[in-house]
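Pasted below: input_23.csv, CSV, C-alpha atoms (C1' of nucleotides).
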```csv
chain,number,residue,atom,x,y,z
B,300,MET,CA,-65.6,-22.8,100.3
B,301,LYS,CA,-64.9,-19.9,98.0
B,302,THR,CA,-67.5,-20.0,95.3
B,303,THR,CA,-66.7,-16.7,93.6
B,304,PRO,CA,-63.0,-15.9,93.5
B,305,ALA,CA,-63.7,-14.1,90.3
B,306,PRO,CA,-62.5,-10.5,90.2
B,307,ARG,CA,-65.3,-9.4,88.0
B,308,SER,CA,-63.2,-9.3,84.9
B,309,LYS,CA,-63.9,-6.8,82.1
B,310,LEU,CA,-61.8,-7.7,79.2
B,311,THR,CA,-59.3,-5.2,77.7
B,312,GLY,CA,-58.8,-5.2,73.9
B,313,LYS,CA,-55.4,-6.8,74.3
B,314,GLN,CA,-56.6,-9.6,76.5
B,315,PHE,CA,-59.4,-10.3,74.0
B,316,ASP,CA,-56.8,-10.8,71.3
B,317,LEU,CA,-54.6,-13.0,73.6
B,318,ILE,CA,-57.6,-15.2,74.4
B,319,ALA,CA,-58.6,-15.6,70.8
B,320,LYS,CA,-55.1,-16.6,69.9
B,321,ALA,CA,-54.8,-19.0,72.9
B,322,LEU,CA,-58.0,-20.7,71.8
B,323,ALA,CA,-56.9,-21.0,68.2
B,324,ASP,CA,-54.6,-24.0,68.5
B,325,PRO,CA,-56.5,-27.3,68.7
B,326,ARG,CA,-53.9,-28.8,71.0
B,327,ARG,CA,-54.1,-25.9,73.4
B,328,MET,CA,-57.9,-26.1,73.4
B,329,ALA,CA,-57.7,-29.8,74.2
B,330,LEU,CA,-55.4,-29.1,77.1
B,331,LEU,CA,-57.9,-26.5,78.4
B,332,GLU,CA,-60.7,-29.0,78.2
B,333,VAL,CA,-58.7,-31.5,80.3
B,334,ILE,CA,-57.9,-28.8,82.8
B,335,ALA,CA,-61.6,-27.9,82.9
B,336,GLY,CA,-62.4,-31.6,83.5
B,337,GLU,CA,-60.4,-32.0,86.7
B,338,GLU,CA,-60.7,-29.9,89.8
B,339,GLU,CA,-57.0,-29.8,90.4
B,340,CYS,CA,-54.7,-30.6,87.6
B,341,ALA,CA,-51.0,-30.9,87.5
B,342,CYS,CA,-49.0,-30.7,84.3
B,343,GLN,CA,-47.9,-34.2,84.7
B,344,THR,CA,-51.5,-35.4,84.3
B,345,LEU,CA,-51.7,-33.6,81.0
B,346,ARG,CA,-48.5,-35.3,79.9
B,347,LYS,CA,-50.2,-38.7,80.0
B,348,GLU,CA,-53.1,-37.6,77.8
B,349,PHE,CA,-51.1,-36.2,74.9
B,350,PRO,CA,-48.1,-37.4,73.0
B,351,VAL,CA,-46.1,-34.2,73.5
B,352,SER,CA,-42.9,-33.2,75.3
B,353,LYS,CA,-42.8,-31.5,78.7
B,354,ALA,CA,-41.5,-28.4,77.0
B,355,THR,CA,-44.6,-28.2,74.8
B,356,ILE,CA,-46.9,-28.6,77.8
B,357,SER,CA,-45.1,-25.9,79.7
B,358,PHE,CA,-45.3,-23.6,76.7
B,359,HIS,CA,-49.0,-24.0,76.2
B,360,ILE,CA,-49.8,-23.6,79.9
B,361,LYS,CA,-47.8,-20.4,79.9
B,362,GLU,CA,-49.9,-19.1,77.0
B,363,LEU,CA,-53.1,-20.0,78.7
B,364,VAL,CA,-52.0,-18.2,81.8
B,365,ARG,CA,-50.9,-15.2,79.8
B,366,ALA,CA,-54.3,-15.0,78.3
B,367,GLY,CA,-55.9,-15.3,81.7
B,368,LEU,CA,-57.8,-18.4,80.9
B,369,VAL,CA,-55.9,-20.5,83.4
B,370,GLU,CA,-54.7,-19.8,86.9
B,371,ALA,CA,-51.7,-21.7,88.1
B,372,ARG,CA,-50.1,-22.0,91.5
B,373,ARG,CA,-47.2,-23.9,92.8
B,374,ASP,CA,-47.8,-26.8,95.1
B,375,GLY,CA,-44.5,-28.3,96.0
B,376,GLN,CA,-43.0,-29.6,92.9
B,377,PHE,CA,-46.3,-29.6,91.1
B,378,LEU,CA,-48.1,-26.9,89.3
B,379,GLN,CA,-51.8,-26.9,89.9
B,380,CYS,CA,-53.9,-25.5,87.1
B,381,GLU,CA,-57.4,-24.3,87.3
B,382,VAL,CA,-59.6,-22.9,84.5
B,383,ARG,CA,-61.0,-19.4,84.8
B,384,ARG,CA,-64.6,-19.9,83.7
B,385,ASP,CA,-65.5,-16.3,84.4
B,386,VAL,CA,-62.9,-15.2,81.9
B,387,LEU,CA,-64.2,-17.6,79.3
B,388,GLN,CA,-67.7,-16.2,80.0
B,389,ALA,CA,-66.4,-12.7,79.6
B,390,TYR,CA,-64.7,-13.5,76.3
B,391,SER,CA,-67.8,-15.2,75.0
B,392,ALA,CA,-70.0,-12.3,76.0
B,393,GLU,CA,-67.6,-9.8,74.4
B,394,LEU,CA,-67.4,-11.8,71.2
B,395,LEU,CA,-71.2,-11.8,70.8
B,396,ARG,CA,-71.3,-8.1,71.8
B,397,ARG,CA,-68.8,-7.1,69.1
B,398,THR,CA,-70.7,-8.9,66.4
B,399,SER,CA,-74.2,-7.9,67.5
B,400,GLY,CA,-74.2,-5.0,65.1
B,401,LYS,CA,-74.4,-2.1,67.6
F,1102,MET,CA,-88.8,-10.5,55.4
F,1103,LYS,CA,-86.9,-13.6,56.4
F,1104,THR,CA,-86.0,-13.3,60.0
F,1105,THR,CA,-84.6,-16.8,60.6
F,1106,PRO,CA,-82.6,-18.2,57.6
F,1107,ALA,CA,-80.5,-20.1,60.2
F,1108,PRO,CA,-80.3,-23.8,59.5
F,1109,ARG,CA,-80.0,-24.6,63.2
F,1110,SER,CA,-76.3,-25.2,63.1
F,1111,LYS,CA,-74.7,-27.8,65.3
F,1112,LEU,CA,-70.9,-27.4,65.1
F,1113,THR,CA,-68.6,-30.2,64.0
F,1114,GLY,CA,-65.2,-30.5,65.6
F,1115,LYS,CA,-63.5,-29.3,62.4
F,1116,GLN,CA,-65.7,-26.3,62.1
F,1117,PHE,CA,-65.1,-25.4,65.7
F,1118,ASP,CA,-61.3,-25.4,65.0
F,1119,LEU,CA,-61.8,-23.3,61.8
F,1120,ILE,CA,-63.8,-20.7,63.7
F,1121,ALA,CA,-61.3,-20.4,66.5
F,1122,LYS,CA,-58.5,-19.9,63.9
F,1123,ALA,CA,-60.6,-17.4,62.0
F,1124,LEU,CA,-61.2,-15.3,65.1
F,1125,ALA,CA,-57.6,-15.4,66.2
F,1126,ASP,CA,-56.3,-12.8,63.8
F,1127,PRO,CA,-57.1,-9.3,65.1
F,1128,ARG,CA,-57.4,-7.9,61.6
F,1129,ARG,CA,-59.9,-10.5,60.6
F,1130,MET,CA,-61.8,-10.0,63.8
F,1131,ALA,CA,-62.0,-6.3,63.0
F,1132,LEU,CA,-63.3,-7.1,59.5
F,1133,LEU,CA,-66.0,-9.3,61.0
F,1134,GLU,CA,-67.0,-6.4,63.3
F,1135,VAL,CA,-67.5,-4.0,60.4
F,1136,ILE,CA,-69.5,-6.6,58.5
F,1137,ALA,CA,-71.6,-7.1,61.6
F,1138,GLY,CA,-72.1,-3.4,61.8
F,1139,GLU,CA,-73.7,-2.9,58.4
F,1140,GLU,CA,-76.7,-4.8,57.1
F,1141,GLU,CA,-75.3,-5.3,53.7
F,1142,CYS,CA,-71.6,-5.0,53.2
F,1143,ALA,CA,-69.5,-5.0,50.1
F,1144,CYS,CA,-65.8,-5.7,50.2
F,1145,GLN,CA,-65.1,-2.3,48.8
F,1146,THR,CA,-66.5,-0.8,52.0
F,1147,LEU,CA,-64.0,-2.7,54.1
F,1148,ARG,CA,-61.2,-1.5,51.9
F,1149,LYS,CA,-61.8,2.0,53.0
F,1150,GLU,CA,-61.6,1.1,56.7
F,1151,PHE,CA,-58.3,-0.7,56.7
F,1152,PRO,CA,-54.9,0.0,55.1
F,1153,VAL,CA,-54.6,-3.3,53.4
F,1154,SER,CA,-54.7,-4.5,49.8
F,1155,LYS,CA,-57.6,-6.0,47.9
F,1156,ALA,CA,-55.9,-9.3,47.9
F,1157,THR,CA,-55.7,-9.3,51.7
F,1158,ILE,CA,-59.4,-8.4,52.1
F,1159,SER,CA,-60.3,-11.2,49.7
F,1160,PHE,CA,-58.2,-13.7,51.5
F,1161,HIS,CA,-59.7,-12.9,54.9
F,1162,ILE,CA,-63.3,-13.0,53.6
F,1163,LYS,CA,-62.6,-16.4,52.1
F,1164,GLU,CA,-61.4,-17.6,55.5
F,1165,LEU,CA,-64.5,-16.2,57.3
F,1166,VAL,CA,-66.7,-17.9,54.8
F,1167,ARG,CA,-64.8,-21.1,55.1
F,1168,ALA,CA,-65.4,-21.0,58.8
F,1169,GLY,CA,-69.0,-20.4,58.3
F,1170,LEU,CA,-69.0,-17.1,60.1
F,1171,VAL,CA,-69.9,-15.1,57.1
F,1172,GLU,CA,-72.3,-15.7,54.2
F,1173,ALA,CA,-71.3,-14.0,50.9
F,1174,ARG,CA,-73.4,-13.8,47.8
F,1175,ARG,CA,-72.7,-12.1,44.5
F,1176,ASP,CA,-74.7,-9.0,43.6
F,1177,GLY,CA,-73.6,-7.9,40.2
F,1178,GLN,CA,-70.0,-6.9,40.6
F,1179,PHE,CA,-70.3,-6.6,44.3
F,1180,LEU,CA,-69.9,-9.3,47.0
F,1181,GLN,CA,-72.4,-8.8,49.7
F,1182,CYS,CA,-71.3,-10.1,53.1
F,1183,GLU,CA,-73.5,-10.9,56.0
F,1184,VAL,CA,-72.5,-12.2,59.4
F,1185,ARG,CA,-73.9,-15.5,60.7
F,1186,ARG,CA,-74.8,-14.6,64.2
F,1187,ASP,CA,-76.3,-18.1,64.8
F,1188,VAL,CA,-72.9,-19.6,64.1
F,1189,LEU,CA,-71.2,-17.2,66.4
F,1190,GLN,CA,-73.8,-18.2,69.0
F,1191,ALA,CA,-73.2,-21.9,68.4
F,1192,TYR,CA,-69.4,-21.4,68.7
F,1193,SER,CA,-69.8,-19.5,71.9
F,1194,ALA,CA,-72.1,-22.1,73.4
F,1195,GLU,CA,-69.8,-24.9,72.4
F,1196,LEU,CA,-66.8,-23.2,73.9
F,1197,LEU,CA,-68.5,-22.8,77.2
F,1198,ARG,CA,-69.8,-26.3,77.1
F,1199,ARG,CA,-66.4,-27.8,76.5
F,1200,THR,CA,-64.9,-25.9,79.4
F,1201,SER,CA,-67.8,-26.4,81.8
F,1202,GLY,CA,-66.1,-29.5,83.3
F,1203,LYS,CA,-69.0,-31.9,82.4
S,281,DT,C1',-26.3,-35.7,100.5
S,282,DC,C1',-27.8,-37.7,96.5
S,283,DG,C1',-30.8,-39.1,93.0
S,284,DA,C1',-35.3,-39.0,90.9
S,285,DG,C1',-39.1,-36.5,89.3
S,286,DA,C1',-41.7,-32.0,87.9
S,287,DG,C1',-41.2,-27.8,85.3
S,288,DT,C1',-38.7,-24.0,82.9
S,289,DT,C1',-35.7,-22.0,79.5
S,290,DC,C1',-33.3,-21.8,75.2
S,291,DA,C1',-31.7,-22.3,70.5
S,292,DA,C1',-33.1,-24.5,66.4
S,293,DC,C1',-36.1,-26.5,62.9
S,294,DG,C1',-40.1,-26.8,60.0
S,295,DG,C1',-44.7,-25.6,58.9
S,296,DT,C1',-48.3,-22.2,58.8
S,297,DT,C1',-50.0,-17.7,57.7
S,298,DA,C1',-50.6,-12.6,56.7
S,299,DT,C1',-49.3,-9.6,53.3
S,300,DC,C1',-48.2,-7.7,48.9
S,301,DG,C1',-48.0,-6.6,43.6
S,302,DA,C1',-49.2,-8.2,39.4
S,303,DA,C1',-51.9,-10.5,36.3
S,304,DC,C1',-56.4,-12.0,35.7
S,305,DC,C1',-61.7,-12.5,35.3
S,306,DA,C1',-66.4,-10.4,35.6
S,307,DT,C1',-69.7,-6.8,35.4
S,308,DC,C1',-71.5,-2.3,34.6
S,309,DG,C1',-72.0,2.3,31.9
S,310,DT,C1',-71.2,4.9,28.2
Z,1334,DA,C1',-66.5,-2.5,22.1
Z,1335,DC,C1',-64.1,-0.2,25.7
Z,1336,DG,C1',-62.6,1.5,30.0
Z,1337,DA,C1',-63.4,1.5,34.7
Z,1338,DT,C1',-64.4,-0.7,38.8
Z,1339,DG,C1',-64.9,-4.9,42.1
Z,1340,DG,C1',-62.9,-9.3,43.3
Z,1341,DT,C1',-60.0,-13.5,42.6
Z,1342,DT,C1',-55.8,-16.0,42.0
Z,1343,DC,C1',-50.9,-16.7,42.1
Z,1344,DG,C1',-46.1,-16.7,43.4
Z,1345,DA,C1',-43.1,-14.7,46.7
Z,1346,DT,C1',-41.6,-13.0,51.1
Z,1347,DA,C1',-41.4,-12.2,55.9
Z,1348,DA,C1',-43.1,-13.1,60.3
Z,1349,DC,C1',-45.1,-16.0,63.4
Z,1350,DC,C1',-45.9,-20.3,65.9
Z,1351,DG,C1',-45.8,-25.3,67.6
Z,1352,DT,C1',-42.5,-28.6,68.5
Z,1353,DT,C1',-38.4,-30.7,70.2
Z,1354,DG,C1',-34.0,-32.2,72.9
Z,1355,DA,C1',-30.8,-30.6,76.0
Z,1356,DA,C1',-29.3,-28.1,79.8
Z,1357,DC,C1',-31.0,-26.2,83.9
Z,1358,DT,C1',-33.6,-25.3,88.6
Z,1359,DC,C1',-36.3,-26.8,92.4
Z,1360,DT,C1',-38.4,-30.0,95.5
Z,1361,DC,C1',-39.1,-34.2,97.6
Z,1362,DG,C1',-37.8,-38.8,99.7
Z,1363,DA,C1',-34.4,-42.2,101.0
```
Here is the file; what I need is its structure written in the form of structure tokens.
Amino acid sequence: MKTTPAPRSKLTGKQFDLIAKALADPRRMALLEVIAGEEECACQTLRKEFPVSKATISFHIKELVRAGLVEARRDGQFLQCEVRRDVLQAYSAELLRRTSGK
Amino acid sequence: MKTTPAPRSKLTGKQFDLIAKALADPRRMALLEVIAGEEECACQTLRKEFPVSKATISFHIKELVRAGLVEARRDGQFLQCEVRRDVLQAYSAELLRRTSGK
DNA sequence: TCGAGAGTTCAACGGTTATCGAACCATCGT
DNA sequence: ACGATGGTTCGATAACCGTTGAACTCTCGA
């Protein structure tokens, strides 16, 4: 069992911005919460929880992956999504650091 | 010297969304960082740091206040801005809590 | 091989938002 | 009272973004 697959991420300025934008949309945030709830989560599962089209789900997942908040890998016809808690942690830390006033 | 003016804030769902949106714009985030840097910060100071109009500064400050991230009070003709670190802290905690997967 | 289901891509639309100049209000010094 | 300075408000504009249906690809099972 791999407990720490985390590549010890240090956020770049660009990634910080991407994450902030990814978290800004309530729907996307809600998707992230559902993904965080399940261990392994296919897009199809998300589809059942929200009244949105496949296209929209796909779009949001892509944004979350682009920000590094979610890791997705193909499993046959499914796309398994997993939340990157270490990245969330890094973002949170960086946010507080930037506003700590030196 | 008042060290803890913080009203022990517990975030509502709406405020959580407002904060996320407020943090999403890089310019606004940069403004917040400058405000966090100084103890007392007038809008005029911010004007010098960024190539934007007064109107834009005013707009962003209003958004930050609306989100609860900044507290502003009039001091004569100036508007003194102060960062609410407790709210940042609360947002950060809530973000991690929501993605902790129960 | 064929059809069904899972996801992606694309063009288009509608709503949000960041930005500005200009006009405005408020406060301070002279 | 007046001018200068700090901020606000108000259209207007341009860019961005969330959403969709439709057309497409890929994989699985019958």
At a cut-off of 10 Å, which residues of chain F touch chain S? Count all atoms listed in the file and give the answer as a PDB file with C-alpha atoms, in the coordinates of the input.
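New file selection-v8.pdb:
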```pdb
ATOM      1  CA  ASP F1126     -56.300 -12.800  63.800  1.00  0.00           C
ATOM      2  CA  ARG F1128     -57.400  -7.900  61.600  1.00  0.00           C
ATOM      3  CA  VAL F1153     -54.600  -3.300  53.400  1.00  0.00           C
ATOM      4  CA  SER F1154     -54.700  -4.500  49.800  1.00  0.00           C
ATOM      5  CA  LYS F1155     -57.600  -6.000  47.900  1.00  0.00           C
ATOM      6  CA  ALA F1156     -55.900  -9.300  47.900  1.00  0.00           C
ATOM      7  CA  THR F1157     -55.700  -9.300  51.700  1.00  0.00           C
ATOM      8  CA  PHE F1160     -58.200 -13.700  51.500  1.00  0.00           C
ATOM      9  CA  HIS F1161     -59.700 -12.900  54.900  1.00  0.00           C
ATOM     10  CA  ASP F1176     -74.700  -9.000  43.600  1.00  0.00           C
ATOM     11  CA  GLY F1177     -73.600  -7.900  40.200  1.00  0.00           C
ATOM     12  CA  GLN F1178     -70.000  -6.900  40.600  1.00  0.00           C
ATOM     13  CA  PHE F1179     -70.300  -6.600  44.300  1.00  0.00           C
TER      14      PHE F1179
END
```
Item checked: chain B contacts on chain Z, only C-alpha atoms (C1' of nucleotides), 9 Å, as a ChimeraX atom specification -> /Z:1351-1353,1359-1361
Compile a residue-level contact table for chain F against chain B at a cut-off of 7 Å, reporting for every qualifying residue the shortest atom pair and its distance in Å to one decimal, with all atoms listed in the file counted, rows ordered by chain and ascending number, as a tab-separated table.
```
residue	atom	partner	partner_atom	distance
F:Asp1118	CA	B:Pro325	CA	6.4
F:Ala1121	CA	B:Ala323	CA	4.8
F:Lys1122	CA	B:Ala323	CA	4.7
F:Leu1124	CA	B:Ala319	CA	6.3
F:Ala1125	CA	B:Lys320	CA	4.6
F:Pro1127	CA	B:Asp316	CA	6.4
F:Glu1134	CA	B:Thr398	CA	5.4
F:Ala1137	CA	B:Gly400	CA	4.8
F:Gly1138	CA	B:Gly400	CA	4.2
F:Leu1189	CA	B:Leu395	CA	7.0
F:Ser1193	CA	B:Ser391	CA	5.7
F:Arg1199	CA	B:Glu332	CA	6.1
F:Thr1200	CA	B:Ala335	CA	5.2
F:Ser1201	CA	B:Ala335	CA	6.5
F:Gly1202	CA	B:Gly336	CA	4.3
F:Lys1203	CA	B:Gly336	CA	6.7
```
Margin query: Which residue is closest to F:Lys1163? Choose from F:Cys1142, F:Val1188, F:Cys1182, F:Leu1112 and count all atoms listed in the file.
Written below: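 Of the candidates, the smallest distance to F:Lys1163 is held by F:Cys1182.
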